[in-house]
$ cat query.csv   # CSV, C-alpha atoms and all ligand atoms
chain,number,residue,atom,x,y,z
A,196,MET,CA,0.0,0.0,0.0
A,197,LYS,CA,2.8,2.3,1.0
A,198,ARG,CA,4.6,1.5,-2.2
A,199,LEU,CA,1.5,2.0,-4.2
A,200,TRP,CA,1.0,5.4,-2.6
A,201,GLY,CA,4.6,6.2,-3.4
A,202,LEU,CA,4.0,5.4,-7.0
A,203,VAL,CA,0.9,7.5,-7.1
A,204,VAL,CA,2.7,10.4,-5.5
A,205,PHE,CA,5.6,9.8,-7.9
A,206,GLY,CA,3.3,9.7,-10.9
A,207,ALA,CA,1.5,12.9,-9.8
A,208,SER,CA,4.8,14.6,-9.1
A,209,LEU,CA,6.0,13.6,-12.6
A,210,VAL,CA,2.9,15.0,-14.3
A,211,LEU,CA,3.2,18.2,-12.4
A,212,LEU,CA,6.9,18.4,-12.9
A,213,THR,CA,6.6,17.7,-16.6
A,214,SER,CA,4.0,20.4,-17.0
A,215,LEU,CA,6.1,22.9,-15.0
A,216,LEU,CA,9.2,22.0,-17.0
A,217,VAL,CA,7.5,22.9,-20.2
A,218,THR,CA,5.6,25.9,-19.1
A,219,ARG,CA,7.4,28.2,-16.6
A,220,ALA,CA,9.2,29.3,-19.7
A,221,GLY,CA,6.1,31.4,-20.2
A,222,LEU,CA,7.7,33.8,-17.7
A,223,LEU,CA,10.1,34.9,-20.3
A,224,GLU,CA,7.4,36.1,-22.7
A,225,ARG,CA,4.7,37.3,-20.4
A,226,GLN,CA,3.4,40.9,-20.6
A,227,PRO,CA,1.9,42.6,-17.6
A,228,LEU,CA,-1.9,42.9,-17.7
A,229,ASN,CA,-3.7,45.7,-16.1
A,230,ASN,CA,-2.6,46.0,-12.5
A,231,SER,CA,-5.7,46.4,-10.4
A,232,ALA,CA,-3.8,46.8,-7.1
A,233,GLY,CA,-5.0,49.8,-5.3
A,234,GLU,CA,-7.8,50.4,-7.8
A,235,SER,CA,-10.5,48.2,-6.3
A,236,ASP,CA,-12.3,48.4,-3.1
A,237,MET,CA,-11.4,44.9,-2.0
A,238,LYS,CA,-11.1,45.0,1.7
A,239,VAL,CA,-7.7,43.9,3.1
A,240,GLU,CA,-8.0,41.6,6.1
A,241,PRO,CA,-6.3,42.5,9.4
A,242,LYS,CA,-2.6,42.8,9.1
A,243,TYR,CA,-0.5,39.9,10.1
A,244,PRO,CA,0.7,40.6,13.6
A,245,THR,CA,4.3,41.7,13.9
A,246,GLU,CA,4.3,43.6,17.2
A,247,GLY,CA,7.6,43.5,19.0
A,248,ILE,CA,9.4,41.6,16.3
A,249,ASP,CA,13.0,42.5,15.4
A,250,PRO,CA,12.8,43.0,11.6
A,251,PHE,CA,16.4,42.0,11.3
A,252,GLN,CA,16.1,38.6,13.0
A,253,PRO,CA,14.0,35.4,12.5
A,254,ASP,CA,10.7,35.5,14.4
A,255,PRO,CA,10.3,32.3,16.4
A,256,VAL,CA,6.8,33.1,17.7
A,257,VAL,CA,4.1,31.2,15.8
A,258,ARG,CA,1.2,33.7,15.6
A,259,GLN,CA,-2.5,32.9,16.1
A,260,LEU,CA,-4.8,34.6,13.7
A,261,PRO,CA,-8.4,35.4,14.8
A,262,GLY,CA,-10.8,33.5,12.5
A,263,TYR,CA,-8.2,31.1,11.3
A,264,GLU,CA,-6.6,27.9,12.4
A,265,LEU,CA,-2.9,27.1,11.7
A,266,VAL,CA,-3.1,23.9,9.5
A,267,TRP,CA,0.5,23.6,8.4
A,268,HIS,CA,3.8,25.3,8.9
A,269,ASP,CA,7.5,25.0,8.7
A,270,GLU,CA,9.6,27.3,11.0
A,271,PHE,CA,12.9,26.0,9.7
A,272,ASN,CA,14.2,26.3,13.3
A,273,VAL,CA,16.1,23.0,13.5
A,274,ASP,CA,19.6,23.3,12.0
A,275,GLY,CA,20.3,20.8,9.2
A,276,PRO,CA,18.6,19.7,6.0
A,277,PRO,CA,14.9,20.8,5.5
A,278,ASP,CA,12.4,18.3,6.7
A,279,PRO,CA,12.0,15.6,4.0
A,280,GLU,CA,8.5,14.8,5.4
A,281,LYS,CA,7.4,18.2,4.3
A,282,TRP,CA,9.5,18.9,1.2
A,283,ASN,CA,10.5,17.4,-2.1
A,284,PHE,CA,13.6,18.6,-3.8
A,285,GLU,CA,14.0,19.3,-7.5
A,286,HIS,CA,17.1,18.0,-9.3
A,287,GLY,CA,19.1,19.1,-12.2
A,288,PHE,CA,18.1,21.6,-15.0
A,289,VAL,CA,14.4,22.3,-14.7
A,290,ARG,CA,12.8,25.5,-16.1
A,291,ASN,CA,13.2,28.6,-18.1
A,292,ARG,CA,16.7,27.7,-19.4
A,293,GLU,CA,17.9,28.9,-16.1
A,294,LEU,CA,21.6,28.3,-15.4
A,295,GLN,CA,21.5,26.5,-12.0
A,296,TRP,CA,21.7,22.8,-11.4
A,297,TYR,CA,19.2,22.1,-8.6
A,298,GLN,CA,20.5,19.8,-5.8
A,299,ARG,CA,19.1,19.4,-2.3
A,300,GLU,CA,22.4,20.1,-0.5
A,301,ASN,CA,22.0,23.8,-1.4
A,302,ALA,CA,19.1,24.1,1.0
A,303,TYR,CA,19.7,24.0,4.7
A,304,CYS,CA,18.4,25.4,8.0
A,305,LYS,CA,20.6,27.5,10.2
A,306,GLY,CA,20.0,30.0,12.9
A,307,GLY,CA,16.2,29.7,12.5
A,308,VAL,CA,16.0,30.2,8.8
A,309,LEU,CA,15.9,28.1,5.6
A,310,ILE,CA,18.9,29.2,3.5
A,311,ILE,CA,18.8,28.5,-0.2
A,312,GLU,CA,22.3,29.0,-1.5
A,313,GLY,CA,23.2,29.7,-5.1
A,314,ARG,CA,26.8,28.7,-5.7
A,315,LYS,CA,29.2,29.1,-8.6
A,316,GLU,CA,30.4,25.5,-9.0
A,317,ARG,CA,30.7,23.3,-12.1
A,318,ILE,CA,28.5,20.2,-12.3
A,319,VAL,CA,29.0,17.7,-15.2
A,320,ASN,CA,25.5,17.0,-16.7
A,321,PRO,CA,25.0,13.3,-16.6
A,322,ASN,CA,22.3,13.7,-19.3
A,323,TYR,CA,24.5,15.5,-21.7
A,324,ASP,CA,23.8,14.8,-25.3
A,325,PRO,CA,25.3,17.3,-27.8
A,326,LYS,CA,22.8,16.3,-30.4
A,327,SER,CA,19.7,16.9,-28.2
A,328,ASP,CA,17.2,19.7,-28.9
A,329,ASP,CA,16.4,19.8,-25.3
A,330,TRP,CA,18.4,22.5,-23.5
A,331,ARG,CA,18.5,20.3,-20.4
A,332,ARG,CA,20.5,17.7,-22.3
A,333,ALA,CA,22.4,19.9,-24.7
A,334,ARG,CA,24.5,21.6,-21.9
A,335,GLN,CA,27.6,19.7,-21.0
A,336,TYR,CA,28.0,21.5,-17.7
A,337,ALA,CA,26.1,23.6,-15.2
A,338,GLU,CA,28.3,26.4,-13.9
A,339,TYR,CA,26.0,27.2,-10.9
A,340,THR,CA,24.0,25.2,-8.3
A,341,SER,CA,21.0,26.1,-6.2
A,342,ALA,CA,18.0,24.4,-4.6
A,343,SER,CA,14.2,24.2,-5.1
A,344,LEU,CA,11.8,22.8,-2.6
A,345,ASN,CA,8.1,22.0,-3.0
A,346,THR,CA,5.2,20.2,-1.3
A,347,TRP,CA,3.9,18.5,-4.4
A,348,GLY,CA,2.3,15.2,-3.6
A,349,LYS,CA,2.8,15.9,0.2
A,350,PHE,CA,0.7,18.9,1.1
A,351,ALA,CA,-1.8,21.1,-0.8
A,352,TRP,CA,-4.4,23.6,0.4
A,353,ARG,CA,-7.5,25.0,-1.2
A,354,LEU,CA,-6.6,28.6,-2.0
A,355,SER,CA,-10.2,29.8,-1.5
A,356,GLU,CA,-9.9,28.8,2.2
A,357,VAL,CA,-6.4,29.8,3.3
A,358,ARG,CA,-4.0,32.5,4.1
A,359,ILE,CA,-0.4,31.6,3.3
A,360,VAL,CA,2.2,33.6,5.2
A,361,ALA,CA,5.9,33.5,4.4
A,362,ARG,CA,8.6,35.6,6.0
A,363,ALA,CA,11.7,36.0,3.9
A,364,ARG,CA,14.7,38.1,3.2
A,365,ILE,CA,16.2,38.6,-0.3
A,366,HIS,CA,19.8,39.5,-1.2
A,367,PRO,CA,19.7,40.8,-4.8
A,368,GLN,CA,22.6,40.2,-7.2
A,369,PRO,CA,22.8,40.1,-10.9
A,370,GLY,CA,21.0,37.0,-12.1
A,371,TYR,CA,19.3,36.4,-8.8
A,372,PHE,CA,15.8,35.0,-9.1
A,373,PRO,CA,14.2,33.8,-5.9
A,374,ALA,CA,10.5,32.8,-5.6
A,375,ILE,CA,7.7,31.8,-3.3
A,376,TRP,CA,4.9,30.4,-5.4
A,377,THR,CA,2.1,27.8,-5.7
A,378,THR,CA,0.8,25.5,-8.4
A,379,GLY,CA,-2.6,23.7,-8.6
A,380,PRO,CA,-3.7,20.3,-9.9
A,381,GLY,CA,-3.1,18.8,-13.3
A,382,ILE,CA,-1.6,20.4,-16.4
A,383,TRP,CA,-0.1,23.8,-16.1
A,384,PRO,CA,-1.3,26.5,-16.3
A,385,HIS,CA,-4.9,25.2,-16.0
A,386,GLY,CA,-4.3,24.3,-12.4
A,387,GLY,CA,-3.2,27.9,-11.7
A,388,GLU,CA,0.0,29.5,-10.5
A,389,VAL,CA,0.4,32.2,-7.9
A,390,ASP,CA,3.8,33.9,-7.6
A,391,ILE,CA,3.5,35.2,-4.1
A,392,MET,CA,7.0,36.6,-4.4
A,393,GLU,CA,9.4,36.8,-7.2
A,394,TYR,CA,12.4,39.0,-7.5
A,395,TYR,CA,14.4,39.6,-10.7
A,396,ARG,CA,16.0,42.5,-12.5
A,397,ASP,CA,15.5,45.1,-9.8
A,398,ARG,CA,11.8,44.5,-9.4
A,399,ILE,CA,9.5,42.6,-7.0
A,400,HIS,CA,6.8,40.7,-8.8
A,401,ALA,CA,3.4,39.3,-7.7
A,402,ASN,CA,1.5,37.3,-10.3
A,403,PHE,CA,-1.5,35.1,-11.1
A,404,ALA,CA,-1.6,32.7,-14.0
A,405,TRP,CA,-4.3,30.4,-15.3
A,406,GLY,CA,-5.4,28.6,-18.5
A,407,THR,CA,-6.5,29.6,-21.9
A,408,THR,CA,-7.7,27.7,-24.9
A,409,GLU,CA,-4.1,27.1,-26.0
A,410,LYS,CA,-1.9,24.4,-24.4
A,411,TYR,CA,0.8,25.6,-22.0
A,412,SER,CA,-0.2,29.2,-22.8
A,413,PRO,CA,-1.1,31.0,-19.6
A,414,ARG,CA,-3.1,34.2,-19.1
A,415,TRP,CA,-1.1,36.3,-16.7
A,416,HIS,CA,-2.4,38.9,-14.2
A,417,SER,CA,0.9,40.4,-13.3
A,418,PHE,CA,2.3,43.2,-11.1
A,419,SER,CA,5.7,44.3,-10.3
A,420,LYS,CA,7.2,47.2,-8.3
A,421,PRO,CA,10.8,48.5,-8.5
A,422,LEU,CA,13.0,47.6,-5.6
A,423,ALA,CA,14.0,51.2,-5.6
A,424,ASP,CA,10.5,52.2,-4.4
A,425,PHE,CA,11.0,50.1,-1.3
A,426,LEU,CA,14.5,51.4,-0.7
A,427,ALA,CA,13.3,55.0,-1.0
A,428,LYS,CA,11.0,54.4,1.9
A,429,ASP,CA,13.4,52.4,3.9
A,430,PRO,CA,17.1,52.3,3.1
A,431,ASN,CA,17.4,49.2,5.4
A,432,TRP,CA,14.7,47.3,3.4
A,433,LEU,CA,17.1,44.7,2.2
A,434,LYS,CA,18.5,44.0,5.6
A,435,LYS,CA,15.1,43.2,7.0
A,436,PHE,CA,12.8,40.2,6.8
A,437,HIS,CA,9.5,40.9,5.1
A,438,ILE,CA,6.1,39.2,5.1
A,439,TRP,CA,4.6,37.9,1.9
A,440,GLU,CA,1.0,36.6,2.0
A,441,LEU,CA,-1.6,35.0,-0.2
A,442,ILE,CA,-5.1,35.5,1.1
A,443,GLY,CA,-8.0,33.8,-0.8
A,444,ASN,CA,-11.7,33.3,-0.5
A,445,ASP,CA,-14.5,32.2,-2.9
A,446,GLU,CA,-14.6,35.6,-4.5
A,447,LYS,CA,-11.0,36.9,-4.7
A,448,LEU,CA,-7.3,36.4,-4.0
A,449,GLN,CA,-4.8,39.0,-2.8
A,450,ILE,CA,-1.0,38.9,-2.7
A,451,LEU,CA,0.4,41.2,0.0
A,452,LEU,CA,3.8,42.4,1.0
A,453,ASP,CA,4.1,43.7,4.6
A,454,GLY,CA,0.4,44.3,4.6
A,455,GLU,CA,0.3,46.2,1.3
A,456,VAL,CA,-1.8,44.7,-1.5
A,457,MET,CA,0.6,44.0,-4.4
A,458,ASN,CA,-1.9,42.2,-6.7
A,459,GLU,CA,-5.4,40.9,-6.5
A,460,ILE,CA,-7.8,39.0,-8.7
A,461,LEU,CA,-11.5,37.9,-8.7
A,462,GLN,CA,-12.0,34.1,-8.9
A,463,GLU,CA,-14.6,34.9,-11.7
A,464,THR,CA,-11.8,36.5,-13.7
A,465,ALA,CA,-9.3,33.7,-13.2
A,466,LYS,CA,-11.6,31.2,-14.9
A,467,ASN,CA,-10.3,28.6,-17.3
A,468,PRO,CA,-12.2,28.5,-20.6
A,469,PRO,CA,-13.5,25.1,-21.8
A,470,ASN,CA,-10.4,23.2,-23.1
A,471,PRO,CA,-9.3,19.7,-23.9
A,472,TRP,CA,-6.6,19.4,-21.2
A,473,SER,CA,-8.2,20.1,-17.8
A,474,THR,CA,-11.6,19.9,-16.1
A,475,VAL,CA,-10.5,22.6,-13.6
A,476,VAL,CA,-12.7,25.7,-14.0
A,477,TYR,CA,-11.6,27.9,-11.1
A,478,PRO,CA,-7.9,27.1,-10.5
A,479,PHE,CA,-7.7,29.2,-7.4
A,480,ARG,CA,-10.5,27.3,-5.7
A,481,GLU,CA,-8.4,24.2,-6.1
A,482,LYS,CA,-5.7,22.8,-3.8
A,483,HIS,CA,-2.2,24.3,-4.4
A,484,SER,CA,1.2,23.2,-3.3
A,485,ILE,CA,4.0,25.6,-2.3
A,486,ILE,CA,7.4,26.0,-4.0
A,487,LEU,CA,10.4,27.8,-2.6
A,488,ASN,CA,13.4,28.2,-4.9
A,489,LEU,CA,16.3,30.3,-5.9
A,490,ALA,CA,17.0,30.3,-9.6
A,491,ILE,CA,20.0,31.9,-11.3
A,492,GLY,CA,19.8,33.4,-14.8
A,493,GLY,CA,16.7,32.8,-17.0
A,494,PRO,CA,14.5,35.8,-16.3
A,495,GLY,CA,16.9,36.9,-13.6
A,496,GLY,CA,19.5,37.8,-16.2
A,497,ASP,CA,23.2,37.4,-16.4
A,498,PRO,CA,24.9,36.4,-13.1
A,499,SER,CA,28.5,36.8,-14.3
A,500,GLY,CA,28.9,39.9,-12.2
A,501,ALA,CA,27.4,38.4,-9.1
A,502,LYS,CA,29.1,37.7,-5.8
A,503,PHE,CA,28.7,34.1,-4.7
A,504,PRO,CA,27.2,32.5,-2.8
A,505,MET,CA,23.8,34.1,-3.4
A,506,ILE,CA,21.5,33.7,-0.5
A,507,PHE,CA,17.7,33.5,-0.2
A,508,GLU,CA,16.4,33.2,3.4
A,509,VAL,CA,13.0,32.0,4.5
A,510,ASP,CA,12.2,32.4,8.2
A,511,TYR,CA,8.9,30.4,8.0
A,512,VAL,CA,6.0,29.3,5.9
A,513,ARG,CA,2.6,29.2,7.7
A,514,VAL,CA,-0.7,28.1,6.3
A,515,TYR,CA,-3.8,29.2,8.1
A,516,ARG,CA,-7.3,28.0,7.1
A,517,ARG,CA,-10.3,30.2,7.6
A,518,ILE,CA,-12.8,29.0,10.2
A,519,SER,CA,-16.1,29.3,8.3
A,520,ALA,CA,-19.0,31.1,9.9
A,521,SER,CA,-21.0,27.9,10.0
A,522,ALA,CA,-18.1,26.1,11.8
A,523,GLN,CA,-17.9,28.8,14.4
A,524,GLU,CA,-21.6,28.6,15.3
B,601,CA,CA,12.2,30.4,11.6

$ encode --input "query.csv" --output "structure tokens" --more "lines below"
Ligand SMILES: [Ca+2]
Amino acid sequence: MKRLWGLVVFGASLVLLTSLLVTRAGLLERQPLNNSAGESDMKVEPKYPTEGIDPFQPDPVVRQLPGYELVWHDEFNVDGPPDPEKWNFEHGFVRNRELQWYQRENAYCKGGVLIIEGRKERIVNPNYDPKSDDWRRARQYAEYTSASLNTWGKFAWRLSEVRIVARARIHPQPGYFPAIWTTGPGIWPHGGEVDIMEYYRDRIHANFAWGTTEKYSPRWHSFSKPLADFLAKDPNWLKKFHIWELIGNDEKLQILLDGEVMNEILQETAKNPPNPWSTVVYPFREKHSIILNLAIGGPGGDPSGAKFPMIFEVDYVRVYRRISASAQE
């Protein structure tokens, strides 16, 4: 039974992985749609509590949220490798013609945070085939390594019911492309993708993607803001941890950074049209898994002028589920 479950999980992961392999390349071509942030009257929920927290240090206190129950979290507070019960690790060349070779040893917990480390180190590609049309095989070497963790096949949550809270600190460099994101069931992008946080090329991005009538061709609802805007308000911004959130319900989803709405969308807008590949209609009412990664190159640009190691720090990921009004009665 256990083996069977393992096969199911492996199969599901493979399907997801395959779809992701093919399709995150869409990042390179996407154009921002209209940004509705700040233009609608969507009400922001109470700000995630941060009273008394040192912004420069990890926050070890797991917060309770009124109206929510904490259903899953990783505090990354035990030094050593990330918990394999919670996380899968991607391996090798994966998406977007990025430069890094993913390997699990580039992710480790230390001092209360998950550290994903981008290194300049040469890896011989065991799948190398100079005649291959597949970029993952056509490269003889990787010149960089990094790590990518996900909960595919292990944990997933219905985005219309949860508030995902992640505290992280970024350390920009040329070519630096960290992300906190989610994907839903089945073929991408019809299962949906939420980029709760991405950073590349001097901007912080917050995006939603879902399906169209064309295979592997997403509709994006994108927003990005120059890092300079944050630095203008707070010169120490990059030295601090920040809180990224995804808050969903049956009507809408919002991506927040330190309580500010970065991007938002109505469920009714993010609706897949009828298509041959997926029965999912509302991808953001489905169960999504979480991915944490640090890519190098690809949309992040040329890392040749970067200082290594590159570091992406995650203090915690907490998933809260809304206690519905009927459950409270
Ligand atoms: Ca922590």

$ atom_distance --input "query.csv" --atom1 "atom CA of A:Glu300" --atom2 "atom CA of A:Val266"
27.7 Å

$ residues_around --input "query.csv" --residues "A:Asp254" --least-positions-apart "6" --cutoff "12 Å" --atoms "all atoms listed in the file" --output "list in words"
Pro244, Thr245, Glu246, Gly247, Ile248, Glu270, Phe271, Asn272, Gly306, Gly307, Val308, Ala361, Arg362, Ala363, Lys435, Phe436, His437, Ile438, Val509, Asp510, Tyr511 and Val512 of chain A

$ closest_residue --input "query.csv" --among "A:Val319, A:Ile486, A:Leu426, A:Ile460" --to "A:Arg332" --atoms "all atoms listed in the file"
A:Val319

$ atom_distance --input "query.csv" --atom1 "atom CA of A:Arg480" --atom2 "atom CA of A:Ile359"
14.2 Å

$ atom_distance --input "query.csv" --atom1 "atom CA of A:Asp397" --atom2 "atom CA of A:Pro367"
7.8 Å

$ closest_residue --input "query.csv" --among "A:Asp497, A:Glu409, A:Glu481, A:Glu508" --to "A:Lys305" --atoms "all atoms listed in the file"
A:Glu508

$ residues_near_point --input "query.csv" --point "(8.4, 21.2, -2.3)" --cutoff "8 Å" --atoms "all atoms listed in the file" --output "list of chain:residue names"
A:Lys281, A:Trp282, A:Asn283, A:Phe284, A:Glu285, A:Ser343, A:Leu344, A:Asn345, A:Thr346, A:Trp347, A:Ser484, A:Ile485, A:Ile486, A:Leu487

$ closest_residue --input "query.csv" --among "A:Asp269, A:Trp376, A:Ala333, A:Ala501" --to "A:Asn488" --atoms "all atoms listed in the file"
A:Trp376

$ residues_around --input "query.csv" --residues "A:Arg299" --least-positions-apart "2" --cutoff "7 Å" --atoms "all atoms listed in the file" --output "MDAnalysis selection string"
chainID A and resid 284 297 301:302 342
